[in-house]
Every structure is written in C-alpha cells, then in structure tokens.
>>> print(open('input24.cif').read())   # mmCIF, C-alpha atoms
data_run
#
loop_
_atom_site.group_PDB
_atom_site.id
_atom_site.type_symbol
_atom_site.label_atom_id
_atom_site.label_comp_id
_atom_site.auth_asym_id
_atom_site.auth_seq_id
_atom_site.Cartn_x
_atom_site.Cartn_y
_atom_site.Cartn_z
ATOM 1 C CA PRO A 1293 0.000 0.000 0.000
ATOM 2 C CA LEU A 1294 2.814 2.427 0.790
ATOM 3 C CA LEU A 1295 4.519 1.749 -2.560
ATOM 4 C CA PHE A 1296 1.209 2.258 -4.352
ATOM 5 C CA PHE A 1297 0.689 5.566 -2.552
ATOM 6 C CA LEU A 1298 4.154 6.822 -3.494
ATOM 7 C CA CYS A 1299 3.737 5.813 -7.131
ATOM 8 C CA THR A 1300 0.320 7.380 -7.507
ATOM 9 C CA GLY A 1301 1.543 10.488 -5.702
ATOM 10 C CA ASN A 1302 4.323 10.915 -8.226
ATOM 11 C CA ILE A 1303 1.991 10.301 -11.149
ATOM 12 C CA THR A 1304 -0.592 12.814 -9.985
ATOM 13 C CA ALA A 1305 1.870 15.555 -8.953
ATOM 14 C CA GLN A 1306 0.942 18.688 -10.847
ATOM 15 C CA GLN A 1307 3.072 19.283 -13.922
ATOM 16 C CA ILE A 1308 4.032 22.921 -14.609
ATOM 17 C CA SER A 1309 5.070 24.079 -18.084
ATOM 18 C CA PRO A 1310 7.502 26.972 -18.590
ATOM 19 C CA TYR A 1311 5.377 28.739 -21.224
ATOM 20 C CA ILE A 1312 1.712 29.326 -21.936
ATOM 21 C CA GLU A 1313 0.551 29.577 -25.541
ATOM 22 C CA VAL A 1314 -2.350 32.009 -25.661
ATOM 23 C CA GLY A 1315 -2.987 31.517 -29.373
ATOM 24 C CA ASN A 1316 -2.918 33.498 -32.586
ATOM 25 C CA SER A 1317 -4.440 36.949 -32.803
ATOM 26 C CA GLN A 1318 -5.598 38.371 -36.088
ATOM 27 C CA GLY A 1319 -3.608 41.426 -37.063
ATOM 28 C CA SER A 1320 -0.159 42.920 -36.961
ATOM 29 C CA LEU A 1321 2.480 42.688 -34.276
ATOM 30 C CA GLU A 1322 1.728 46.277 -33.308
ATOM 31 C CA LYS A 1323 -1.997 45.572 -32.940
ATOM 32 C CA SER A 1324 -1.321 42.534 -30.768
ATOM 33 C CA GLU A 1325 1.204 44.469 -28.687
ATOM 34 C CA ALA A 1326 -1.402 47.160 -28.018
ATOM 35 C CA ALA A 1327 -3.975 44.523 -27.022
ATOM 36 C CA VAL A 1328 -1.547 42.805 -24.639
ATOM 37 C CA THR A 1329 -0.530 46.112 -23.082
ATOM 38 C CA LYS A 1330 -4.134 47.167 -22.520
ATOM 39 C CA ALA A 1331 -5.027 43.781 -21.030
ATOM 40 C CA LEU A 1332 -2.108 43.762 -18.583
ATOM 41 C CA GLU A 1333 -2.607 47.365 -17.504
ATOM 42 C CA SER A 1334 -6.298 46.662 -16.825
ATOM 43 C CA PHE A 1335 -5.117 44.280 -14.075
ATOM 44 C CA GLY A 1336 -2.676 46.769 -12.595
ATOM 45 C CA PHE A 1337 0.493 45.483 -14.242
ATOM 46 C CA GLU A 1338 3.162 47.950 -15.348
ATOM 47 C CA ILE A 1339 5.060 47.600 -18.624
ATOM 48 C CA LEU A 1340 8.767 47.817 -17.738
ATOM 49 C CA GLY A 1341 10.165 47.573 -21.247
ATOM 50 C CA ARG A 1342 9.850 46.031 -24.689
ATOM 51 C CA TYR A 1343 12.177 45.165 -27.534
ATOM 52 C CA HIS A 1344 12.759 43.111 -30.695
ATOM 53 C CA PRO A 1345 14.936 40.061 -29.872
ATOM 54 C CA GLU A 1346 17.690 39.498 -32.466
ATOM 55 C CA ASN A 1347 16.678 42.925 -33.859
ATOM 56 C CA ASN A 1348 14.061 40.859 -35.679
ATOM 57 C CA GLN A 1349 11.033 43.040 -36.408
ATOM 58 C CA THR A 1350 8.735 40.001 -36.431
ATOM 59 C CA LEU A 1351 9.587 39.221 -32.782
ATOM 60 C CA LYS A 1352 8.683 41.270 -29.718
ATOM 61 C CA VAL A 1353 9.014 40.788 -25.969
ATOM 62 C CA ILE A 1354 7.042 42.791 -23.431
ATOM 63 C CA ALA A 1355 8.418 42.784 -19.866
ATOM 64 C CA PHE A 1356 5.940 43.594 -17.084
ATOM 65 C CA SER A 1357 5.591 43.547 -13.310
ATOM 66 C CA ARG A 1358 3.393 44.760 -10.458
ATOM 67 C CA LYS A 1359 4.103 46.296 -7.068
ATOM 68 C CA ASP A 1360 2.717 43.385 -5.052
ATOM 69 C CA LEU A 1361 5.008 40.997 -6.946
ATOM 70 C CA GLN A 1362 8.006 43.241 -6.348
ATOM 71 C CA ASN A 1363 7.182 43.499 -2.637
ATOM 72 C CA ILE A 1364 7.034 39.708 -2.319
ATOM 73 C CA THR A 1365 10.190 38.961 -4.280
ATOM 74 C CA LEU A 1366 12.214 41.589 -2.411
ATOM 75 C CA GLN A 1367 11.595 39.551 0.750
ATOM 76 C CA VAL A 1368 13.425 36.564 -0.776
ATOM 77 C CA GLU A 1369 17.058 37.335 -0.083
ATOM 78 C CA ASP A 1370 18.744 35.027 -2.587
ATOM 79 C CA ARG A 1371 18.077 36.861 -5.871
ATOM 80 C CA GLY A 1372 14.318 36.840 -5.408
ATOM 81 C CA LEU A 1373 13.880 39.989 -7.487
ATOM 82 C CA LEU A 1374 14.719 37.937 -10.595
ATOM 83 C CA ALA A 1375 11.170 36.558 -10.311
ATOM 84 C CA ALA A 1376 9.573 40.016 -10.291
ATOM 85 C CA THR A 1377 9.529 40.451 -14.064
ATOM 86 C CA LEU A 1378 7.228 38.426 -16.309
ATOM 87 C CA LYS A 1379 7.275 38.450 -20.091
ATOM 88 C CA VAL A 1380 5.012 38.086 -23.093
ATOM 89 C CA GLY A 1381 6.388 36.924 -26.434
ATOM 90 C CA LEU A 1382 4.891 38.010 -29.765
ATOM 91 C CA LYS A 1383 5.804 36.295 -33.043
ATOM 92 C CA ALA A 1384 4.301 37.685 -36.242
ATOM 93 C CA ASP A 1385 3.487 35.208 -38.985
ATOM 94 C CA GLY A 1386 1.781 36.755 -41.992
ATOM 95 C CA PRO A 1387 -1.618 38.160 -41.032
ATOM 96 C CA GLU A 1388 -1.479 36.617 -37.533
ATOM 97 C CA THR A 1389 0.588 37.120 -34.382
ATOM 98 C CA GLU A 1390 1.338 34.254 -32.010
ATOM 99 C CA ILE A 1391 1.053 35.267 -28.349
ATOM 100 C CA SER A 1392 2.749 33.381 -25.525
ATOM 101 C CA TYR A 1393 4.046 34.180 -22.062
ATOM 102 C CA ILE A 1394 6.337 32.766 -19.431
ATOM 103 C CA ASN A 1395 4.307 30.788 -16.905
ATOM 104 C CA PRO A 1396 4.398 32.764 -13.623
ATOM 105 C CA GLU A 1397 4.114 29.653 -11.448
ATOM 106 C CA TYR A 1398 7.042 27.969 -13.211
ATOM 107 C CA LEU A 1399 9.204 31.052 -12.670
ATOM 108 C CA PHE A 1400 8.132 31.496 -9.053
ATOM 109 C CA GLN A 1401 8.729 27.856 -8.112
ATOM 110 C CA ALA A 1402 12.167 27.807 -9.757
ATOM 111 C CA TYR A 1403 13.415 31.199 -8.528
ATOM 112 C CA LEU A 1404 11.709 31.564 -5.144
ATOM 113 C CA ARG A 1405 11.828 27.847 -4.306
ATOM 114 C CA ASN A 1406 10.653 27.097 -0.753
ATOM 115 C CA ALA A 1407 9.754 30.749 -0.200
ATOM 116 C CA TYR A 1408 6.885 30.133 -2.634
ATOM 117 C CA ASP A 1409 5.021 28.384 0.177
ATOM 118 C CA THR A 1410 5.414 31.373 2.494
ATOM 119 C CA HIS A 1411 3.969 33.783 -0.091
ATOM 120 C CA GLN A 1412 1.621 31.390 -1.854
ATOM 121 C CA THR A 1413 -1.563 33.436 -1.400
ATOM 122 C CA GLY A 1414 -0.096 36.565 -2.961
ATOM 123 C CA LEU A 1415 1.673 34.672 -5.736
ATOM 124 C CA LYS A 1416 -1.451 32.710 -6.673
ATOM 125 C CA LYS A 1417 -3.328 36.013 -6.986
ATOM 126 C CA ILE A 1418 -0.683 37.276 -9.424
ATOM 127 C CA GLU A 1419 -0.740 34.017 -11.421
ATOM 128 C CA THR A 1420 -4.533 34.193 -11.685
ATOM 129 C CA ASP A 1421 -4.525 37.854 -12.739
ATOM 130 C CA VAL A 1422 -1.987 37.218 -15.512
ATOM 131 C CA GLU A 1423 -4.158 34.380 -16.814
ATOM 132 C CA LYS A 1424 -7.325 36.480 -16.612
ATOM 133 C CA ALA A 1425 -5.640 39.331 -18.461
ATOM 134 C CA LEU A 1426 -4.141 37.340 -21.325
ATOM 135 C CA SER A 1427 -6.376 34.310 -21.870
ATOM 136 C CA PRO A 1428 -9.151 36.285 -23.658
ATOM 137 C CA LEU A 1429 -6.627 37.180 -26.389
ATOM 138 C CA GLY A 1430 -6.465 33.605 -27.741
ATOM 139 C CA GLN A 1431 -8.230 30.281 -27.973
ATOM 140 C CA ILE A 1432 -5.464 27.831 -26.932
ATOM 141 C CA ASN A 1433 -4.225 28.846 -23.463
ATOM 142 C CA LYS A 1434 -2.176 25.694 -22.862
ATOM 143 C CA GLY A 1435 1.284 25.066 -21.507
ATOM 144 C CA PHE A 1436 4.191 24.071 -23.717
ATOM 145 C CA GLY A 1437 7.946 23.630 -23.578
ATOM 146 C CA GLY A 1438 7.900 20.518 -21.382
ATOM 147 C CA SER A 1439 6.814 20.278 -17.760
ATOM 148 C CA MET A 1440 8.126 19.628 -14.261
ATOM 149 C CA THR A 1441 6.678 19.351 -10.779
ATOM 150 C CA ALA A 1442 7.166 22.105 -8.205
ATOM 151 C CA GLU A 1443 9.546 19.868 -6.289
ATOM 152 C CA GLU A 1444 11.646 19.283 -9.411
ATOM 153 C CA LEU A 1445 11.742 23.002 -10.223
ATOM 154 C CA ARG A 1446 13.007 23.906 -6.770
ATOM 155 C CA GLU A 1447 15.986 21.591 -7.316
ATOM 156 C CA TYR A 1448 16.319 22.207 -11.041
ATOM 157 C CA HIS A 1449 19.423 21.909 -13.116
ATOM 158 C CA TYR A 1450 19.555 21.245 -16.835
ATOM 159 C CA LYS A 1451 21.702 18.135 -16.738
ATOM 160 C CA LEU A 1452 24.529 16.450 -14.855
ATOM 161 C CA MET A 1453 27.406 18.868 -14.153
ATOM 162 C CA MET A 1454 25.239 21.918 -14.929
ATOM 163 C CA PRO A 1455 24.677 24.513 -12.172
ATOM 164 C CA TYR A 1456 21.718 24.739 -9.829
ATOM 165 C CA PHE A 1457 19.974 28.050 -9.098
ATOM 166 C CA THR A 1458 22.194 28.337 -6.036
ATOM 167 C CA ASP A 1459 25.319 28.317 -8.268
ATOM 168 C CA PRO A 1460 25.060 31.610 -10.177
ATOM 169 C CA VAL A 1461 27.689 32.803 -12.619
ATOM 170 C CA GLU A 1462 29.707 35.431 -10.774
ATOM 171 C CA LEU A 1463 30.449 38.358 -13.060
ATOM 172 C CA ARG A 1464 32.252 40.852 -10.837
ATOM 173 C CA ASP A 1465 32.485 42.240 -7.322
ATOM 174 C CA PHE A 1466 32.506 46.008 -6.820
ATOM 175 C CA THR A 1467 33.381 48.266 -3.920
ATOM 176 C CA SER A 1468 29.698 49.118 -3.374
ATOM 177 C CA PHE A 1469 26.170 48.593 -4.654
ATOM 178 C CA GLU A 1470 26.184 52.100 -6.074
ATOM 179 C CA GLU A 1471 29.372 51.460 -8.054
ATOM 180 C CA ALA A 1472 27.972 48.202 -9.428
ATOM 181 C CA VAL A 1473 24.748 49.849 -10.609
ATOM 182 C CA SER A 1474 26.452 52.886 -12.124
ATOM 183 C CA THR A 1475 29.024 50.737 -13.941
ATOM 184 C CA ILE A 1476 26.344 48.552 -15.512
ATOM 185 C CA GLU A 1477 24.173 51.544 -16.391
ATOM 186 C CA ASN A 1478 27.103 53.372 -18.007
ATOM 187 C CA ASN A 1479 28.102 50.301 -20.011
ATOM 188 C CA LEU A 1480 24.538 49.867 -21.238
ATOM 189 C CA ASP A 1481 24.251 53.574 -22.103
ATOM 190 C CA SER A 1482 27.350 53.219 -24.271
ATOM 191 C CA LYS A 1483 25.999 49.949 -25.759
ATOM 192 C CA LYS A 1484 29.154 48.123 -24.728
ATOM 193 C CA GLY A 1485 29.321 44.665 -26.282
ATOM 194 C CA ASN A 1486 26.343 45.504 -28.532
ATOM 195 C CA THR A 1487 23.995 45.395 -25.549
ATOM 196 C CA GLU A 1488 20.962 47.547 -24.788
ATOM 197 C CA LEU A 1489 18.845 48.024 -21.675
ATOM 198 C CA VAL A 1490 15.330 46.586 -22.003
ATOM 199 C CA TYR A 1491 14.207 47.162 -18.420
ATOM 200 C CA SER A 1492 15.513 47.608 -14.887
ATOM 201 C CA LEU A 1493 14.159 47.169 -11.361
ATOM 202 C CA LYS A 1494 16.030 48.621 -8.411
ATOM 203 C CA SER A 1495 15.641 48.845 -4.636
ATOM 204 C CA ASP A 1496 18.154 51.146 -2.986
ATOM 205 C CA ASP A 1497 16.893 50.097 0.453
ATOM 206 C CA LYS A 1498 17.537 46.405 -0.182
ATOM 207 C CA LYS A 1499 20.585 47.125 -2.367
ATOM 208 C CA VAL A 1500 19.365 44.908 -5.182
ATOM 209 C CA ALA A 1501 18.851 45.659 -8.869
ATOM 210 C CA VAL A 1502 17.931 43.623 -11.945
ATOM 211 C CA PHE A 1503 18.793 44.583 -15.503
ATOM 212 C CA GLY A 1504 17.094 42.998 -18.505
ATOM 213 C CA ILE A 1505 19.583 43.209 -21.348
ATOM 214 C CA ALA A 1506 19.238 42.792 -25.102
ATOM 215 C CA CYS A 1507 22.263 40.913 -26.471
ATOM 216 C CA LEU A 1508 22.460 42.163 -30.042
ATOM 217 C CA ASP A 1509 25.963 41.118 -31.053
ATOM 218 C CA GLU A 1510 25.802 39.370 -34.431
ATOM 219 C CA GLU A 1511 28.297 36.663 -33.454
ATOM 220 C CA LYS A 1512 27.596 36.067 -29.757
ATOM 221 C CA GLY A 1513 24.133 37.444 -29.151
ATOM 222 C CA GLU A 1514 20.523 36.415 -29.537
ATOM 223 C CA LYS A 1515 20.846 35.764 -33.251
ATOM 224 C CA GLN A 1516 23.065 32.848 -32.309
ATOM 225 C CA PHE A 1517 21.430 31.405 -29.194
ATOM 226 C CA LEU A 1518 17.719 32.191 -29.509
ATOM 227 C CA PRO A 1519 17.228 29.944 -32.568
ATOM 228 C CA VAL A 1520 18.886 27.156 -30.563
ATOM 229 C CA ILE A 1521 16.429 27.381 -27.663
ATOM 230 C CA GLY A 1522 13.672 28.139 -30.184
ATOM 231 C CA GLU A 1523 12.072 31.424 -31.183
ATOM 232 C CA LYS A 1524 8.774 29.994 -29.930
ATOM 233 C CA HIS A 1525 10.363 30.365 -26.474
ATOM 234 C CA LEU A 1526 11.195 34.055 -26.908
ATOM 235 C CA ALA A 1527 9.347 34.946 -23.667
ATOM 236 C CA ALA A 1528 12.533 33.746 -21.922
ATOM 237 C CA MET A 1529 14.230 36.915 -23.148
ATOM 238 C CA PRO A 1530 15.888 39.235 -22.296
ATOM 239 C CA TYR A 1531 19.084 38.078 -20.593
ATOM 240 C CA GLU A 1532 19.247 39.266 -16.985
ATOM 241 C CA ILE A 1533 21.921 40.414 -14.550
ATOM 242 C CA ILE A 1534 21.218 40.923 -10.865
ATOM 243 C CA VAL A 1535 23.225 43.042 -8.441
ATOM 244 C CA GLN A 1536 22.956 42.191 -4.744
ATOM 245 C CA GLY A 1537 25.067 44.259 -2.438
ATOM 246 C CA ASN A 1538 28.331 44.762 -4.291
ATOM 247 C CA SER A 1539 28.178 41.568 -6.378
ATOM 248 C CA ALA A 1540 26.863 41.129 -9.931
ATOM 249 C CA THR A 1541 25.778 37.668 -11.085
#
>>> encode(input="input24.cif", output="structure tokens")
Amino acid sequence: PLLFFLCTGNITAQQISPYIEVGNSQGSLEKSEAAVTKALESFGFEILGRYHPENNQTLKVIAFSRKDLQNITLQVEDRGLLAATLKVGLKADGPETEISYINPEYLFQAYLRNAYDTHQTGLKKIETDVEKALSPLGQINKGFGGSMTAEELREYHYKLMMPYFTDPVELRDFTSFEEAVSTIENNLDSKKGNTELVYSLKSDDKKVAVFGIACLDEEKGEKQFLPVIGEKHLAAMPYEIIVQGNSAT
C-alpha cells in the first residue's frame, strides 16, 4: 500500500510548463502588442520595457511587473527579485501574431523555491490575474515547452554537471552597490558589447537591482542562441543580470 501511494503520488503531482501559448491573434504585431498592453494594464500590471529580440522586427518581448510581486520577491534574499519580471512573447506570422508568455508559477517555483510556500496566497493572486488578463486574447491557453513538478523546479538543473539556481555565474564584485549599478548603467548607455537596456528594477533600500539586457551582437548574441532554444520560447528573453550588495551575477 505504501509503494502504491508513493507511485500514484508521483503520477498525480501537478506538472508545470515553462510557457503558456495564448494563441494566434488576427492582425499585426503592433496591434497585438497594443492589445496585450491594454489587457495587462487593466489588471494593474506595469510595462517595464519592450524590444525586438535578435533585432528581428517580427519578434517582440514585453516585460511587465506589479508592485505586489516586487514586494514579495524583495523579501526573498537570494536573488528573489529575478522573479519580479514576467514576459510576453509576440511572433508575427503573416496576417497573424502568435502570443505566448512565461508561466508565472514555473518562474516562481524555480526562482523563489521554498519561499513560494510562504507567499503562496499573494503569488497565486498574481498568477490568476496574468491568466485572466491574457487568456481572452487567444483560444489555446495551454502550456508548452515541457513540464516539471514544483519539487523538481526547486531543485532544477539542466543536466549532470550543470549549475543549480544556487550556483550563479559570478560576473564581478565592486566596492559598493552604487558602483555596481552605475558601472552597468554606463556600459549599457554606451551599448558596450552591442547590448541595450530593455528594463531595470532597483531597490536602494535592499541594495538589489535587476537589468534585462538585449544581447544584439551578431556573433555572440541572440541571433546565435535564440534559434537554438527556439524562437517559440522568446518569452525567456531578455538576458538578466542581478546586483545584490556589491556583487553582480
């Protein structure tokens, strides 16, 4: 009986997909972008930034957030603010535009891990509001891109020898939070490395900042790696750097 319980428990554990396909909207990329923006703002979300991945005019990412989400994620000390920004991907195909978005629950479980349980009520409200805002724009509204359980996401790594969430890539240590932020901002202003700022979130009180960065280098940027992960998954963009204290990762 115990073995049966464990097996059925594993089978029935809720599977969470990384992306939600809303469906195809009739009309141009610009028309769909306006519809998405209006829908999100009607539920109190703020558009933080938008850009064309790969500099491809048929692709668009809209980054958005909300104050309650920022307040929750700022309470999670280990890079929680990375989970404060959600994204919609738009892919124009002739007279239609495919709309998808990163699944909030997938992101929250993977980035906030056990802290998800502490803030579950508030996070579920955000997940529900994103769904309510975007689902009327399409007829599919199903997950894609694979699936994992919450438990698996909290311990996720891509494959053997690949890093866990708790093993971030360390970019540089600075003498202070202020120096780290100003250095990154100045480099982005000068488009160093063919990069551009898509959005930023910053808390001076908590000394944490996130930068969403377009990687537009022809040889090393999105034109090279986005087709590998799949342009259908463009809601994973843009690339992000987080500063906590005096360290950038």
>>> resolve_selection(input="input24.cif", expression="the PyMOL selection byres ((chain A and resi 1416-1420) around 9)", output="list in words")
Arg1358, Asp1360, Leu1361, Asn1395, Pro1396, Glu1397, His1411, Gln1412, Thr1413, Gly1414, Leu1415, Asp1421, Val1422, Glu1423, Lys1424 and Ala1425 of chain A
>>> residues_around(input="input24.cif", residues="range 1533-1537 of chain A", least_positions_apart="4", cutoff="12 Å", atoms="all atoms listed in the file", output="number ranges by chain")
A: 1366, 1368-1376, 1460-1477, 1480, 1489-1507, 1541
>>> closest_residue(input="input24.cif", among="A:Leu1382, A:Gln1401, A:Ala1331, A:Ile1394", to="Asn1348 in chain A", atoms="all atoms listed in the file")
A:Leu1382
>>> axis_aligned_box(input="input24.cif", around="range 1517-1521 of chain A", padding_each_side="6 Å", output="AutoDock Vina command-line options")
--center_x 18.9 --center_y 29.7 --center_z -30.1 --size_x 17.0 --size_y 17.0 --size_z 16.9
>>> resolve_selection(input="input24.cif", expression="the PyMOL selection byres ((chain A and resi 1311-1314) around 8)", output="PDB file with C-alpha atoms, in the frame of the given file")
ATOM      1  CA  SER A1309       5.070  24.079 -18.084  1.00  0.00           C
ATOM      2  CA  PRO A1310       7.502  26.972 -18.590  1.00  0.00           C
ATOM      3  CA  GLY A1315      -2.987  31.517 -29.373  1.00  0.00           C
ATOM      4  CA  ASN A1316      -2.918  33.498 -32.586  1.00  0.00           C
ATOM      5  CA  GLU A1390       1.338  34.254 -32.010  1.00  0.00           C
ATOM      6  CA  ILE A1391       1.053  35.267 -28.349  1.00  0.00           C
ATOM      7  CA  SER A1392       2.749  33.381 -25.525  1.00  0.00           C
ATOM      8  CA  TYR A1393       4.046  34.180 -22.062  1.00  0.00           C
ATOM      9  CA  ILE A1394       6.337  32.766 -19.431  1.00  0.00           C
ATOM     10  CA  ASN A1395       4.307  30.788 -16.905  1.00  0.00           C
ATOM     11  CA  LEU A1426      -4.141  37.340 -21.325  1.00  0.00           C
ATOM     12  CA  SER A1427      -6.376  34.310 -21.870  1.00  0.00           C
ATOM     13  CA  LEU A1429      -6.627  37.180 -26.389  1.00  0.00           C
ATOM     14  CA  GLY A1430      -6.465  33.605 -27.741  1.00  0.00           C
ATOM     15  CA  GLN A1431      -8.230  30.281 -27.973  1.00  0.00           C
ATOM     16  CA  ILE A1432      -5.464  27.831 -26.932  1.00  0.00           C
ATOM     17  CA  ASN A1433      -4.225  28.846 -23.463  1.00  0.00           C
ATOM     18  CA  LYS A1434      -2.176  25.694 -22.862  1.00  0.00           C
ATOM     19  CA  GLY A1435       1.284  25.066 -21.507  1.00  0.00           C
ATOM     20  CA  PHE A1436       4.191  24.071 -23.717  1.00  0.00           C
ATOM     21  CA  GLY A1437       7.946  23.630 -23.578  1.00  0.00           C
ATOM     22  CA  HIS A1525      10.363  30.365 -26.474  1.00  0.00           C
ATOM     23  CA  ALA A1527       9.347  34.946 -23.667  1.00  0.00           C
TER      24      ALA A1527
END
>>> resolve_selection(input="input24.cif", expression="the PyMOL selection byres ((chain A and resi 1444) around 12)", output="number ranges by chain")
A: 1302, 1305-1309, 1398, 1401-1402, 1405-1406, 1439-1443, 1445-1450, 1456
>>> atom_distance(input="input24.cif", atom1="CA of Pro1455 in chain A", atom2="CA of Leu1378 in chain A")
22.7 Å
>>> closest_residue(input="input24.cif", among="A:Lys1524, A:Arg1342, A:Lys1512, A:Lys1484", to="Ala1326 in chain A", atoms="only C-alpha atoms")
A:Arg1342
>>> closest_residue(input="input24.cif", among="A:Ile1364, A:Thr1389, A:Leu1340, A:Ser1539", to="Glu1325 in chain A", atoms="all atoms listed in the file")
A:Thr1389
>>> residues_around(input="input24.cif", residues="range 1514-1521 of chain A", least_positions_apart="5", cutoff="12 Å", atoms="only C-alpha atoms", output="PyMOL selection string")
chain A and resi 1344-1348+1351+1437+1486-1487+1505-1509+1526-1531
>>> atom_distance(input="input24.cif", atom1="CA of Gln1349 in chain A", atom2="CA of Lys1483 in chain A")
19.6 Å
>>> atom_distance(input="input24.cif", atom1="CA of Phe1356 in chain A", atom2="CA of Ser1334 in chain A")
12.6 Å
>>> closest_residue(input="input24.cif", among="A:Gly1522, A:Asp1459, A:Pro1428, A:Glu1511", to="Val1328 in chain A", atoms="only C-alpha atoms")
A:Pro1428
>>> residues_around(input="input24.cif", residues="Glu1338 in chain A", least_positions_apart="5", cutoff="9 Å", atoms="all atoms listed in the file", output="ChimeraX atom specification")
/A:1329,1332-1333,1355-1359
>>> build_atoms(input="input24.cif", residues="range 1439-1450 of chain A", atoms="N, CA and C atoms", output="compact mmCIF listing (two decimals), in the coordinates of the input")
# COMPACT_ATOMS: atom_id res chain seq x y z
N SER A 1439 7.47 20.05 -19.05
CA SER A 1439 6.81 20.28 -17.76
C SER A 1439 7.61 19.61 -16.65
N MET A 1440 7.47 20.16 -15.46
CA MET A 1440 8.13 19.63 -14.26
C MET A 1440 7.20 19.86 -13.08
N THR A 1441 7.42 19.11 -12.01
CA THR A 1441 6.68 19.35 -10.78
C THR A 1441 7.34 20.50 -10.01
N ALA A 1442 6.61 21.04 -9.05
CA ALA A 1442 7.17 22.10 -8.20
C ALA A 1442 8.42 21.63 -7.49
N GLU A 1443 8.39 20.41 -6.99
CA GLU A 1443 9.55 19.87 -6.29
C GLU A 1443 10.77 19.80 -7.21
N GLU A 1444 10.55 19.36 -8.45
CA GLU A 1444 11.65 19.28 -9.41
C GLU A 1444 12.19 20.66 -9.75
N LEU A 1445 11.31 21.64 -9.88
CA LEU A 1445 11.74 23.00 -10.22
C LEU A 1445 12.59 23.61 -9.12
N ARG A 1446 12.26 23.33 -7.89
CA ARG A 1446 13.01 23.91 -6.77
C ARG A 1446 14.42 23.34 -6.67
N GLU A 1447 14.65 22.20 -7.31
CA GLU A 1447 15.99 21.59 -7.32
C GLU A 1447 16.53 21.50 -8.74
N TYR A 1448 16.07 22.37 -9.61
CA TYR A 1448 16.32 22.21 -11.04
C TYR A 1448 17.77 22.45 -11.44
N HIS A 1449 18.27 21.59 -12.30
CA HIS A 1449 19.42 21.91 -13.12
C HIS A 1449 19.26 21.16 -14.44
N TYR A 1450 19.84 21.72 -15.48
CA TYR A 1450 19.56 21.24 -16.84
C TYR A 1450 20.00 19.81 -17.05
